[in-house]
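S.K.: There's a structure below that I have some questions on.
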Amino acid sequence: MARSKNPRGGKIGIPGRMLGYLLRHLQNLLGALGGLWRQPLASLMTVSVIGIALSMPAGLHLMVENGRALSGGWESTLEWSVYLRPGVSESRAQTLANELQRRPGIEKVTVITADQALEEFRIGSGFGEALELLTDNPLPNVLVVQPSADAESAGQTTQLADELKKLGDVDLVQLDTAWVNRFHAILDTVRRAVALASAVLALGVLLIVGNTIRLDILNRRQEIEVAKLVGASDAFIRRPFLYHGLLYGIGGGILAIALVQLIGFLLKEPVSRVAGLYGSDYRLLSLALDEAGLLLLAGAALGWLGSWIAASRHLRDMDPEF
Amino acid sequence: MIRLECVSKRYPGGSEALSELNLTIEKGEMVFLTGHSGAGKSTLLKLLALIERPTRGQVIVNGQNTAKVSRRRIPAYRRKIGMAFQDHKLLLDRTVFDNVALPLVIAGMGRRETARRVRAAIDQVGLLSKEKLLPMALSTGEQQRVGIARAVVTKPDLLIADEPTGNLDPDLSLEIMNLFYRFNEVGVTLLIASHDIELIRRMGRRRIVLHEGRLQADSEAGGQLHGTI
Ligand SMILES: Nc1ncnc2c1ncn2[C@@H]1O[C@H](COP(=O)(O)OP(=O)(O)OP(=O)(O)O)[C@@H](O)[C@H]1O
Ligand SMILES: [Mg+2]
């Protein structure tokens, strides 16, 4: 009721009111900036803590992304498991291995005989006793073929696999992906750990902002009480504090981006040197534009939320007296 | 304008600050509230400002039952009441102008209208030449006048004041009272708590005396006032 009857000069149109609303927010924002500027050291400390806290998950995320990009390059550095047809003898397998060994593009061929495979399976699977019942070994002989680095870098591995498939005694050619899968599983776990760490650090940022705003509110208790006495709503009093929190968050986000980029820059040289040693031209990934934007957004949102929680909690029970 | 029906107020852990108080103040009246220290004057004003709630009874202000004003609606309610205090409650890091403008800024009034009204209010208390000063640069009486300008800048129908002359010498007190007098002449209802019996008597307006939370005397309700003040 106060809204419709409040002491405005006269009727103002909706666009005018919107403009007024925007202007007031802008004023608040500028006021908040001025407030932070008046105590530069404290503000800088808060922004730094937030920046460091935000840079940690961002850095970890980047590490995982780099790991993924790196493993993408490994898909070709693989071994082929060449399953021979059932009934192809061990000696035939050995001869075939020797023949293949001499082919260009092949680094090494290892024979895993059917007996060896069964023994491994017996030990590894836990079906030992059940396997005792088998009269025949159902497993085939297998050749493990490792392509040479030359063939690999020339991209000839797929062609090589096709050639192997065409050999008369060959039943099946399979890419050995177990360890790649394992690597991906590890990356997945790390990713999940990064997500958890991010949640914890986000909570930390909330607490940092919340505590800073809380102190700010307590420092300005007298001012707040006077404002309440002359009819300021909680929302009105809260607004400048929300802008403070928002600015802390944005500042922290910018700092986090700068930190991550700096670390990336410092690691660029050594990483490409190591990659060079392994004959790779792998280049370290840095934050993409959308990732940087997300970091900034996260900072802003956490700053806003943290100050909102603190302001809502502490403004409520700050009742005026006279 | 103000009606109290059998109002009692007991602070947590304390004795009763107000006991079964009945009181009516009409629109346009100027009423002085007096009584010894601890009689419940401030408590009564706090009930009107919704800083405290009555333990029992009804407080009706401007036709509105304050019990029905929810926490969320308190700010809007307070914007319609002017308040002045003994310790003036000015913001020391803001100019006279900004202090007086605060209620209008809170109400969301436009810049121009705010400036116009603030100047008018500051002019009314005779401080137009000092609008750009900080409160610390003013004398106690001048600070009190700034507080009063802030209380009337929203043109409230009701103004309540708790010991507004408490810190002032007799001349300054009289000056403040004359200021209130003039507001009353343009229709503002005033309720002023004060110890200054001499001054109150000179103002020749309705006097209410509280004693231990009860209405002891009321100059409008008969002659019992004689001898009490
Ligand atoms: N917040 C409070 N908590 C507990 N008791 C209170 C509170 N405020 C006031 N009282 C008690 O209520 C009674 C009335 O206090 P009140 O402040 O209304 O008196 P007063 O008439 O304004 O006195 P004074 O002239 O000294 O200002 C006193 O006994 C006081 O101790
Ligand atoms: Mg008092």
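Ligands are numbered from 1 in the order shown, chains are lettered A, B, ... in the order of the structure tokens, and residues start at 1 in each chain.
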Kindly provide the residues of chain B that approach ligand 1 to within 12 Å, each paired with its closest atom pair and their distance in Å to one decimal, based on only C-alpha atoms and all ligand atoms, listed by chain and increasing number, as CSV.

M.R.:
residue,atom,partner,partner_atom_place_in_ligand_line,distance
B:Ser8,CA,ligand 1,12 (O),11.3
B:Lys9,CA,ligand 1,12 (O),8.4
B:Arg10,CA,ligand 1,12 (O),7.6
B:Tyr11,CA,ligand 1,4 (C),4.7
B:Pro12,CA,ligand 1,4 (C),6.3
B:Gly13,CA,ligand 1,4 (C),6.9
B:Gly14,CA,ligand 1,5 (N),5.4
B:Ser15,CA,ligand 1,29 (O),6.9
B:Glu16,CA,ligand 1,12 (O),6.8
B:Ala17,CA,ligand 1,13 (C),4.2
B:Leu18,CA,ligand 1,14 (C),7.3
B:Ser19,CA,ligand 1,14 (C),10.7
B:Leu33,CA,ligand 1,21 (O),9.0
B:Thr34,CA,ligand 1,21 (O),7.6
B:Gly35,CA,ligand 1,21 (O),6.4
B:His36,CA,ligand 1,25 (O),5.9
B:Ser37,CA,ligand 1,25 (O),3.5
B:Gly38,CA,ligand 1,19 (O),3.4
B:Ala39,CA,ligand 1,21 (O),3.9
B:Gly40,CA,ligand 1,18 (O),3.1
B:Lys41,CA,ligand 1,21 (O),3.7
B:Ser42,CA,ligand 1,22 (O),3.6
B:Thr43,CA,ligand 1,18 (O),3.6
B:Leu44,CA,ligand 1,18 (O),6.5
B:Leu45,CA,ligand 1,18 (O),8.1
B:Lys46,CA,ligand 1,18 (O),8.2
B:Leu47,CA,ligand 1,18 (O),9.9
B:Ile51,CA,ligand 1,1 (N),10.0
B:Glu52,CA,ligand 1,1 (N),8.7
B:Arg53,CA,ligand 1,1 (N),11.5
B:Phe85,CA,ligand 1,27 (O),11.1
B:Gln86,CA,ligand 1,27 (O),9.7
B:Ala161,CA,ligand 1,22 (O),11.3
B:Asp162,CA,ligand 1,22 (O),7.9
B:Glu163,CA,ligand 1,27 (O),7.7
B:Pro164,CA,ligand 1,27 (O),11.3
B:Gly166,CA,ligand 1,27 (O),9.8
B:Ile192,CA,ligand 1,22 (O),11.4
B:Ala193,CA,ligand 1,22 (O),7.9
B:Ser194,CA,ligand 1,25 (O),7.6
B:His195,CA,ligand 1,25 (O),6.8
B:Asp196,CA,ligand 1,25 (O),10.5
B:Ile208,CA,ligand 1,21 (O),12.0
B:Val209,CA,ligand 1,21 (O),10.0
B:Leu210,CA,ligand 1,21 (O),7.7
B:His211,CA,ligand 1,21 (O),8.5
B:Glu212,CA,ligand 1,14 (C),7.7
B:Gly213,CA,ligand 1,14 (C),7.1
B:Arg214,CA,ligand 1,14 (C),10.8
B:Leu215,CA,ligand 1,21 (O),11.9

S.K.: Might you pull out every residue within 10 Å of B:Ala115, with only C-alpha atoms counted and same-chain residues fewer than 3 positions away left off, and present them as a PyMOL selection string?

M.R.: chain B and resi 97-98+100-101+104+109-112+118-121

S.K.: Would you put the residues from that selection into a file with N, CA and C atoms, as an mmCIF file, in the first residue's frame?

M.R.:
data_model
loop_
_atom_site.group_PDB
_atom_site.id
_atom_site.type_symbol
_atom_site.label_atom_id
_atom_site.label_comp_id
_atom_site.auth_asym_id
_atom_site.auth_seq_id
_atom_site.Cartn_x
_atom_site.Cartn_y
_atom_site.Cartn_z
ATOM 1 N N PHE B 97 22.217 17.576 3.923
ATOM 2 C CA PHE B 97 21.294 17.318 2.814
ATOM 3 C C PHE B 97 21.017 15.822 2.671
ATOM 4 N N ASP B 98 22.084 15.028 2.636
ATOM 5 C CA ASP B 98 21.910 13.581 2.437
ATOM 6 C C ASP B 98 21.164 12.930 3.592
ATOM 7 N N VAL B 100 18.858 14.346 5.478
ATOM 8 C CA VAL B 100 17.432 14.674 5.376
ATOM 9 C C VAL B 100 16.805 13.949 4.187
ATOM 10 N N ALA B 101 17.611 13.703 3.154
ATOM 11 C CA ALA B 101 17.079 13.047 1.946
ATOM 12 C C ALA B 101 16.818 11.559 2.154
ATOM 13 N N LEU B 104 13.416 9.926 1.717
ATOM 14 C CA LEU B 104 12.880 10.056 0.355
ATOM 15 C C LEU B 104 13.597 9.092 -0.593
ATOM 16 N N MET B 109 11.905 8.188 -4.291
ATOM 17 C CA MET B 109 11.475 9.413 -4.969
ATOM 18 C C MET B 109 12.540 9.885 -5.954
ATOM 19 N N GLY B 110 12.089 10.515 -7.012
ATOM 20 C CA GLY B 110 13.005 11.023 -8.033
ATOM 21 C C GLY B 110 13.931 12.099 -7.487
ATOM 22 N N ARG B 111 15.028 12.300 -8.215
ATOM 23 C CA ARG B 111 16.089 13.181 -7.762
ATOM 24 C C ARG B 111 15.620 14.628 -7.540
ATOM 25 N N ARG B 112 14.896 15.144 -8.525
ATOM 26 C CA ARG B 112 14.506 16.560 -8.469
ATOM 27 C C ARG B 112 13.542 16.838 -7.341
ATOM 28 N N VAL B 118 13.774 18.278 0.181
ATOM 29 C CA VAL B 118 14.814 18.333 1.211
ATOM 30 C C VAL B 118 15.130 19.785 1.530
ATOM 31 N N ARG B 119 15.274 20.605 0.504
ATOM 32 C CA ARG B 119 15.572 22.029 0.733
ATOM 33 C C ARG B 119 14.448 22.678 1.529
ATOM 34 N N ALA B 120 13.192 22.320 1.174
ATOM 35 C CA ALA B 120 12.053 22.901 1.892
ATOM 36 C C ALA B 120 12.120 22.531 3.368
ATOM 37 N N ALA B 121 12.438 21.247 3.648
ATOM 38 C CA ALA B 121 12.473 20.797 5.044
ATOM 39 C C ALA B 121 13.627 21.456 5.793
#

S.K.: DSSP on the backbone: what in chain B comes out strand (DSSP E or B), as a ChimeraX atom specification?

M.R.: /B:2-10,16-25,30-35,56-61,64-65,81-85,158-162,189-193,206-211,214-218

S.K.: For chain B, which residues have at least one atom within 9 Å of chain A, if we go by only C-alpha atoms? Write them as a CSV table (one decimal) with N, CA and C atoms, in the first residue's frame, please.

M.R.:
chain,number,residue,atom,x,y,z
B,42,SER,N,9.1,5.9,26.6
B,42,SER,CA,9.8,5.4,25.4
B,42,SER,C,9.1,4.2,24.9
B,46,LYS,N,7.7,3.3,21.2
B,46,LYS,CA,8.2,2.2,20.5
B,46,LYS,C,7.1,1.3,20.0
B,49,ALA,N,5.9,3.0,16.9
B,49,ALA,CA,6.9,2.8,15.8
B,49,ALA,C,7.1,1.4,15.4
B,51,ILE,N,8.6,-0.8,17.0
B,51,ILE,CA,9.9,-1.3,17.4
B,51,ILE,C,9.7,-2.4,18.4
B,72,ARG,N,7.1,-7.8,7.3
B,72,ARG,CA,7.4,-7.3,6.0
B,72,ARG,C,6.9,-5.9,5.7
B,73,ARG,N,5.7,-5.6,6.3
B,73,ARG,CA,5.1,-4.3,6.1
B,73,ARG,C,5.5,-3.2,7.0
B,74,ILE,N,6.4,-3.5,8.0
B,74,ILE,CA,6.8,-2.5,8.9
B,74,ILE,C,7.5,-1.3,8.2
B,75,PRO,N,8.4,-1.6,7.3
B,75,PRO,CA,9.1,-0.4,6.6
B,75,PRO,C,8.1,0.6,6.0
B,76,ALA,N,7.1,0.0,5.3
B,76,ALA,CA,6.1,0.9,4.7
B,76,ALA,C,5.3,1.6,5.7
B,77,TYR,N,5.0,1.0,6.8
B,77,TYR,CA,4.3,1.6,7.9
B,77,TYR,C,5.1,2.7,8.5
B,78,ARG,N,6.4,2.5,8.7
B,78,ARG,CA,7.2,3.5,9.3
B,78,ARG,C,7.4,4.7,8.5
B,79,ARG,N,7.3,4.5,7.1
B,79,ARG,CA,7.5,5.7,6.2
B,79,ARG,C,6.4,6.7,6.4
B,80,LYS,N,5.3,6.3,7.0
B,80,LYS,CA,4.2,7.3,7.2
B,80,LYS,C,4.2,8.0,8.5
B,81,ILE,N,5.2,7.6,9.3
B,81,ILE,CA,5.4,8.3,10.7
B,81,ILE,C,6.7,9.0,10.7
B,82,GLY,N,6.7,10.2,11.1
B,82,GLY,CA,7.9,10.9,11.4
B,82,GLY,C,8.5,10.7,12.8
B,83,MET,N,9.8,10.5,12.9
B,83,MET,CA,10.3,10.2,14.3
B,83,MET,C,11.5,11.1,14.5
B,85,PHE,N,14.5,11.9,17.7
B,85,PHE,CA,15.1,11.2,18.9
B,85,PHE,C,16.0,12.1,19.6
B,86,GLN,N,16.2,11.8,20.9
B,86,GLN,CA,17.1,12.6,21.7
B,86,GLN,C,18.5,12.7,21.1
B,87,ASP,N,19.0,11.5,20.6
B,87,ASP,CA,20.4,11.5,20.1
B,87,ASP,C,20.3,11.7,18.6
B,89,LYS,N,20.2,10.6,15.9
B,89,LYS,CA,20.4,9.5,15.0
B,89,LYS,C,20.7,9.9,13.6
B,90,LEU,N,21.7,10.8,13.4
B,90,LEU,CA,22.1,11.2,12.1
B,90,LEU,C,23.3,10.4,11.6
B,91,LEU,N,23.4,10.2,10.3
B,91,LEU,CA,24.6,9.5,9.8
B,91,LEU,C,25.8,10.5,9.7
B,102,LEU,N,17.4,11.0,3.2
B,102,LEU,CA,17.4,9.5,3.3
B,102,LEU,C,16.0,8.9,3.2
B,103,PRO,N,15.0,9.4,4.0
B,103,PRO,CA,13.7,8.8,3.9
B,103,PRO,C,13.1,8.9,2.5
B,104,LEU,N,13.4,9.9,1.7
B,104,LEU,CA,12.9,10.1,0.4
B,104,LEU,C,13.6,9.1,-0.6
B,106,ILE,N,14.8,6.3,0.3
B,106,ILE,CA,14.3,5.0,0.6
B,106,ILE,C,12.9,4.8,0.0
B,107,ALA,N,12.1,5.9,-0.1
B,107,ALA,CA,10.8,5.8,-0.7
B,107,ALA,C,10.9,5.7,-2.2
B,108,GLY,N,12.1,5.9,-2.7
B,108,GLY,CA,12.3,5.8,-4.2
B,108,GLY,C,11.8,7.0,-4.9
B,109,MET,N,11.9,8.2,-4.3
B,109,MET,CA,11.5,9.4,-5.0
B,109,MET,C,12.5,9.9,-6.0
B,110,GLY,N,12.1,10.5,-7.0
B,110,GLY,CA,13.0,11.0,-8.0
B,110,GLY,C,13.9,12.1,-7.5
B,113,GLU,N,12.5,16.0,-7.3
B,113,GLU,CA,11.5,16.2,-6.3
B,113,GLU,C,12.1,16.0,-4.9
B,114,THR,N,13.1,15.1,-4.8
B,114,THR,CA,13.8,14.9,-3.5
B,114,THR,C,14.5,16.2,-3.1
B,150,ARG,N,14.5,15.7,8.9
B,150,ARG,CA,14.4,14.4,8.3
B,150,ARG,C,13.1,13.7,8.7
B,151,ALA,N,12.6,14.0,9.9
B,151,ALA,CA,11.3,13.4,10.4
B,151,ALA,C,10.1,14.0,9.6
B,154,THR,N,9.0,13.7,4.7
B,154,THR,CA,8.1,12.9,4.0
B,154,THR,C,6.6,13.4,4.2
B,155,LYS,N,6.5,14.5,4.9
B,155,LYS,CA,5.2,15.1,5.2
B,155,LYS,C,4.3,14.1,5.9
B,162,ASP,N,11.0,11.4,21.0
B,162,ASP,CA,11.4,11.0,22.3
B,162,ASP,C,12.5,11.9,22.9

S.K.: Might you pull out every residue within 7 Å of B:Gly57, with only C-alpha atoms counted and same-chain residues fewer than 4 positions away left off, and present them as JSON, numbers by chain?

M.R.: {"B": [5, 6, 7, 8]}

S.K.: Could you pull the residues within 10 Å of stretch 142-147 of chain A, counting only C-alpha atoms, minus those fewer than 2 positions along the same chain, as a tab-separated table (two decimals) with N, CA and C atoms, in the first residue's frame?

M.R.:
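To be explicit, this is the file written out as selection38.tsv:
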chain	number	residue	atom	x	y	z
A	76	SER	N	46.22	-44.49	-31.49
A	76	SER	CA	46.90	-45.20	-32.57
A	76	SER	C	48.13	-45.97	-32.08
A	77	THR	N	48.68	-45.57	-30.96
A	77	THR	CA	49.88	-46.26	-30.44
A	77	THR	C	49.48	-47.55	-29.77
A	78	LEU	N	48.95	-48.45	-30.53
A	78	LEU	CA	48.34	-49.59	-29.88
A	78	LEU	C	48.87	-50.90	-30.40
A	79	GLU	N	48.47	-51.90	-29.67
A	79	GLU	CA	48.81	-53.24	-30.13
A	79	GLU	C	47.58	-53.86	-30.73
A	80	TRP	N	47.82	-54.79	-31.67
A	80	TRP	CA	46.72	-55.56	-32.23
A	80	TRP	C	46.78	-56.96	-31.68
A	81	SER	N	45.60	-57.46	-31.27
A	81	SER	CA	45.54	-58.88	-30.92
A	81	SER	C	45.00	-59.62	-32.14
A	82	VAL	N	45.83	-60.51	-32.67
A	82	VAL	CA	45.42	-61.25	-33.87
A	82	VAL	C	45.05	-62.68	-33.44
A	83	TYR	N	43.73	-62.97	-33.43
A	83	TYR	CA	43.26	-64.30	-33.03
A	83	TYR	C	43.31	-65.22	-34.25
A	84	LEU	N	44.01	-66.35	-34.10
A	84	LEU	CA	44.09	-67.31	-35.21
A	84	LEU	C	42.89	-68.23	-35.14
A	85	ARG	N	42.58	-68.82	-36.32
A	85	ARG	CA	41.43	-69.73	-36.36
A	85	ARG	C	41.66	-70.91	-35.43
A	90	GLU	N	50.21	-74.53	-32.86
A	90	GLU	CA	51.16	-73.66	-32.20
A	90	GLU	C	52.36	-73.40	-33.08
A	93	ALA	N	51.53	-71.01	-35.73
A	93	ALA	CA	51.46	-69.67	-35.14
A	93	ALA	C	52.87	-69.09	-35.06
A	94	GLN	N	53.81	-69.91	-34.64
A	94	GLN	CA	55.19	-69.46	-34.49
A	94	GLN	C	55.77	-69.04	-35.84
A	96	LEU	N	54.10	-68.09	-38.50
A	96	LEU	CA	53.40	-66.88	-38.94
A	96	LEU	C	54.00	-65.66	-38.24
A	97	ALA	N	54.28	-65.83	-36.95
A	97	ALA	CA	54.87	-64.74	-36.18
A	97	ALA	C	56.20	-64.33	-36.79
A	100	LEU	N	55.61	-62.44	-40.05
A	100	LEU	CA	55.11	-61.07	-39.83
A	100	LEU	C	56.22	-60.16	-39.32
A	101	GLN	N	57.03	-60.73	-38.47
A	101	GLN	CA	58.12	-59.96	-37.87
A	101	GLN	C	58.98	-59.28	-38.94
A	104	PRO	N	57.65	-54.93	-43.21
A	104	PRO	CA	57.85	-53.53	-42.84
A	104	PRO	C	56.61	-53.02	-42.09
A	105	GLY	N	56.84	-52.12	-41.19
A	105	GLY	CA	55.70	-51.53	-40.46
A	105	GLY	C	55.37	-52.29	-39.21
A	106	ILE	N	56.06	-53.43	-39.00
A	106	ILE	CA	55.77	-54.18	-37.78
A	106	ILE	C	57.00	-54.21	-36.89
A	107	GLU	N	56.79	-53.81	-35.65
A	107	GLU	CA	57.90	-53.69	-34.71
A	107	GLU	C	58.19	-55.03	-34.07
A	108	LYS	N	57.12	-55.66	-33.61
A	108	LYS	CA	57.34	-56.84	-32.78
A	108	LYS	C	56.09	-57.71	-32.80
A	109	VAL	N	56.33	-59.01	-32.81
A	109	VAL	CA	55.20	-59.93	-32.75
A	109	VAL	C	55.46	-60.93	-31.63
A	110	THR	N	54.47	-61.08	-30.75
A	110	THR	CA	54.61	-62.04	-29.65
A	110	THR	C	53.51	-63.08	-29.80
A	111	VAL	N	53.89	-64.32	-29.50
A	111	VAL	CA	52.89	-65.39	-29.57
A	111	VAL	C	52.38	-65.68	-28.17
A	112	ILE	N	51.06	-65.69	-28.05
A	112	ILE	CA	50.47	-66.20	-26.81
A	112	ILE	C	49.75	-67.48	-27.20
A	113	THR	N	50.31	-68.59	-26.74
A	113	THR	CA	49.72	-69.87	-27.16
A	113	THR	C	48.41	-70.08	-26.42
A	114	ALA	N	47.61	-70.99	-26.98
A	114	ALA	CA	46.31	-71.30	-26.37
A	114	ALA	C	46.48	-71.79	-24.95
A	116	GLN	N	48.96	-71.06	-22.85
A	116	GLN	CA	49.30	-69.92	-21.99
A	116	GLN	C	48.05	-69.10	-21.65
A	117	ALA	N	47.24	-68.90	-22.69
A	117	ALA	CA	46.03	-68.09	-22.51
A	117	ALA	C	45.09	-68.75	-21.50
A	139	LEU	N	40.38	-72.12	-26.39
A	139	LEU	CA	40.99	-70.84	-26.77
A	139	LEU	C	41.90	-71.02	-27.97
A	140	PRO	N	41.95	-69.96	-28.82
A	140	PRO	CA	42.84	-70.02	-29.97
A	140	PRO	C	44.23	-69.50	-29.61
A	149	ALA	N	56.86	-47.48	-34.96
A	149	ALA	CA	56.58	-46.06	-34.80
A	149	ALA	C	56.43	-45.38	-36.16
A	150	ASP	N	57.22	-45.85	-37.16
A	150	ASP	CA	57.15	-45.26	-38.52
A	150	ASP	C	55.75	-45.43	-39.10
A	151	ALA	N	55.28	-46.69	-39.05
A	151	ALA	CA	53.97	-46.99	-39.61
A	151	ALA	C	52.92	-46.15	-38.91
A	152	GLU	N	53.12	-46.01	-37.59
A	152	GLU	CA	52.17	-45.25	-36.79
A	152	GLU	C	52.10	-43.81	-37.23
A	156	GLN	N	49.61	-45.71	-41.02
A	156	GLN	CA	49.40	-46.94	-41.80
A	156	GLN	C	48.85	-48.07	-40.97
A	157	THR	N	48.53	-47.79	-39.70
A	157	THR	CA	48.16	-48.90	-38.82
A	157	THR	C	46.84	-49.55	-39.23
A	160	LEU	N	47.46	-51.78	-42.07
A	160	LEU	CA	48.14	-52.97	-41.59
A	160	LEU	C	47.15	-53.96	-40.99
A	161	ALA	N	46.22	-53.42	-40.20
A	161	ALA	CA	45.21	-54.28	-39.58
A	161	ALA	C	44.39	-54.99	-40.65
A	164	LEU	N	46.32	-57.85	-42.06
A	164	LEU	CA	46.35	-58.98	-41.13
A	164	LEU	C	45.06	-59.77	-41.22
A	170	VAL	N	43.91	-66.22	-40.02
A	170	VAL	CA	43.47	-65.24	-39.02
A	170	VAL	C	41.95	-65.22	-38.91
A	171	ASP	N	41.49	-65.28	-37.67
A	171	ASP	CA	40.06	-65.27	-37.40
A	171	ASP	C	39.58	-63.84	-37.13
A	172	LEU	N	40.32	-63.14	-36.27
A	172	LEU	CA	39.84	-61.85	-35.77
A	172	LEU	C	41.04	-60.97	-35.40
A	173	VAL	N	40.93	-59.68	-35.78
A	173	VAL	CA	41.98	-58.73	-35.37
A	173	VAL	C	41.34	-57.69	-34.45
A	174	GLN	N	41.92	-57.57	-33.26
A	174	GLN	CA	41.28	-56.66	-32.31
A	174	GLN	C	42.28	-55.66	-31.76
A	175	LEU	N	41.78	-54.42	-31.71
A	175	LEU	CA	42.59	-53.36	-31.12
A	175	LEU	C	42.63	-53.60	-29.62
A	176	ASP	N	43.81	-53.55	-29.03
A	176	ASP	CA	43.90	-53.77	-27.59
A	176	ASP	C	43.71	-52.45	-26.86

S.K.: Hey, can you check how far atom CA of A:Ala58 sits from atom CA of A:Gly303?

M.R.: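 Spanning atom CA of A:Ala58 to atom CA of A:Gly303 is a straight-line distance of 16.9 Å.
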
S.K.: Among stretch 20-203 of chain B, which ones does DSSP assign to helix (DSSP H, G or I) (computed from the backbone)? Answer as a PyMOL selection string.

M.R.: chain B and resi 41-48+66-68+71-78+96-107+111-124+128-130+135-137+140-152+170-185+197-203

S.K.: Please save C-alpha atoms of the selected residues as a CSV table (one decimal), in the first residue's frame.

M.R.:
chain,number,residue,atom,x,y,z
B,41,LYS,CA,7.2,6.9,27.8
B,42,SER,CA,9.8,5.4,25.4
B,43,THR,CA,8.0,2.1,25.5
B,44,LEU,CA,4.7,3.7,24.4
B,45,LEU,CA,6.5,5.4,21.5
B,46,LYS,CA,8.2,2.2,20.5
B,47,LEU,CA,4.8,0.5,20.3
B,48,LEU,CA,3.7,3.2,17.9
B,66,THR,CA,-0.7,-2.4,14.3
B,67,ALA,CA,-1.1,-6.1,15.2
B,68,LYS,CA,-2.1,-6.6,11.6
B,71,ARG,CA,7.1,-7.8,9.7
B,72,ARG,CA,7.4,-7.3,6.0
B,73,ARG,CA,5.1,-4.3,6.1
B,74,ILE,CA,6.8,-2.5,8.9
B,75,PRO,CA,9.1,-0.4,6.6
B,76,ALA,CA,6.1,0.9,4.7
B,77,TYR,CA,4.3,1.6,7.9
B,78,ARG,CA,7.2,3.5,9.3
B,96,VAL,CA,22.9,17.5,6.2
B,97,PHE,CA,21.3,17.3,2.8
B,98,ASP,CA,21.9,13.6,2.4
B,99,ASN,CA,20.7,12.9,6.0
B,100,VAL,CA,17.4,14.7,5.4
B,101,ALA,CA,17.1,13.0,1.9
B,102,LEU,CA,17.4,9.5,3.3
B,103,PRO,CA,13.7,8.8,3.9
B,104,LEU,CA,12.9,10.1,0.4
B,105,VAL,CA,15.7,8.0,-1.2
B,106,ILE,CA,14.3,5.0,0.6
B,107,ALA,CA,10.8,5.8,-0.7
B,111,ARG,CA,16.1,13.2,-7.8
B,112,ARG,CA,14.5,16.6,-8.5
B,113,GLU,CA,11.5,16.2,-6.3
B,114,THR,CA,13.8,14.9,-3.5
B,115,ALA,CA,16.1,17.9,-3.8
B,116,ARG,CA,13.1,20.3,-3.7
B,117,ARG,CA,11.5,18.7,-0.7
B,118,VAL,CA,14.8,18.3,1.2
B,119,ARG,CA,15.6,22.0,0.7
B,120,ALA,CA,12.1,22.9,1.9
B,121,ALA,CA,12.5,20.8,5.0
B,122,ILE,CA,15.9,22.2,5.8
B,123,ASP,CA,14.6,25.7,5.2
B,124,GLN,CA,11.8,25.0,7.7
B,128,LEU,CA,19.5,26.1,4.5
B,129,SER,CA,23.0,27.7,4.6
B,130,LYS,CA,24.4,24.5,6.2
B,135,PRO,CA,26.6,16.8,11.3
B,136,MET,CA,29.8,17.1,13.3
B,137,ALA,CA,30.2,20.6,12.1
B,140,THR,CA,23.8,20.2,19.2
B,141,GLY,CA,20.7,22.3,18.6
B,142,GLU,CA,21.4,22.4,14.9
B,143,GLN,CA,21.9,18.6,14.8
B,144,GLN,CA,18.5,18.2,16.5
B,145,ARG,CA,16.9,20.4,14.0
B,146,VAL,CA,18.4,18.3,11.1
B,147,GLY,CA,16.9,15.3,12.8
B,148,ILE,CA,13.5,17.0,12.8
B,149,ALA,CA,13.8,18.1,9.2
B,150,ARG,CA,14.4,14.4,8.3
B,151,ALA,CA,11.3,13.4,10.4
B,152,VAL,CA,9.1,15.8,8.5
B,170,PRO,CA,16.2,26.1,27.7
B,171,ASP,CA,16.5,28.6,24.8
B,172,LEU,CA,17.3,25.9,22.2
B,173,SER,CA,14.5,23.7,23.7
B,174,LEU,CA,12.0,26.5,23.2
B,175,GLU,CA,13.2,26.9,19.6
B,176,ILE,CA,12.6,23.2,18.9
B,177,MET,CA,9.2,23.3,20.6
B,178,ASN,CA,8.2,26.3,18.5
B,179,LEU,CA,9.2,24.3,15.4
B,180,PHE,CA,6.8,21.5,16.5
B,181,TYR,CA,4.2,24.1,17.2
B,182,ARG,CA,4.4,25.2,13.6
B,183,PHE,CA,4.1,21.7,12.3
B,184,ASN,CA,1.0,21.2,14.4
B,185,GLU,CA,-0.5,24.4,12.9
B,197,ILE,CA,7.8,20.0,32.8
B,198,GLU,CA,8.4,23.7,32.9
B,199,LEU,CA,8.6,23.9,29.1
B,200,ILE,CA,5.6,21.6,28.6
B,201,ARG,CA,3.5,23.8,30.8
B,202,ARG,CA,4.4,26.9,28.8
B,203,MET,CA,3.4,25.2,25.6

S.K.: One number please: atom CA of A:Leu259 to atom CA of A:Asp188, in Å, one decimal.

M.R.: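 Between atom CA of A:Leu259 and atom CA of A:Asp188 the gap works out to 24.9 Å.
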
S.K.: Considering only C-alpha atoms, state which residue in the set A:Gly264, A:Pro270, A:Gly204, A:Gly126 is at the smallest distance from A:Leu54.

M.R.: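 Of A:Gly264, A:Pro270, A:Gly204, A:Gly126, the one nearest A:Leu54 is A:Gly204, counting only C-alpha atoms.
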
S.K.: For atom CA of B:Leu133 and atom CA of A:Tyr243, quote the distance in Å rounded to one decimal.

M.R.: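 Computing it gives 28.1 Å between the two atoms.
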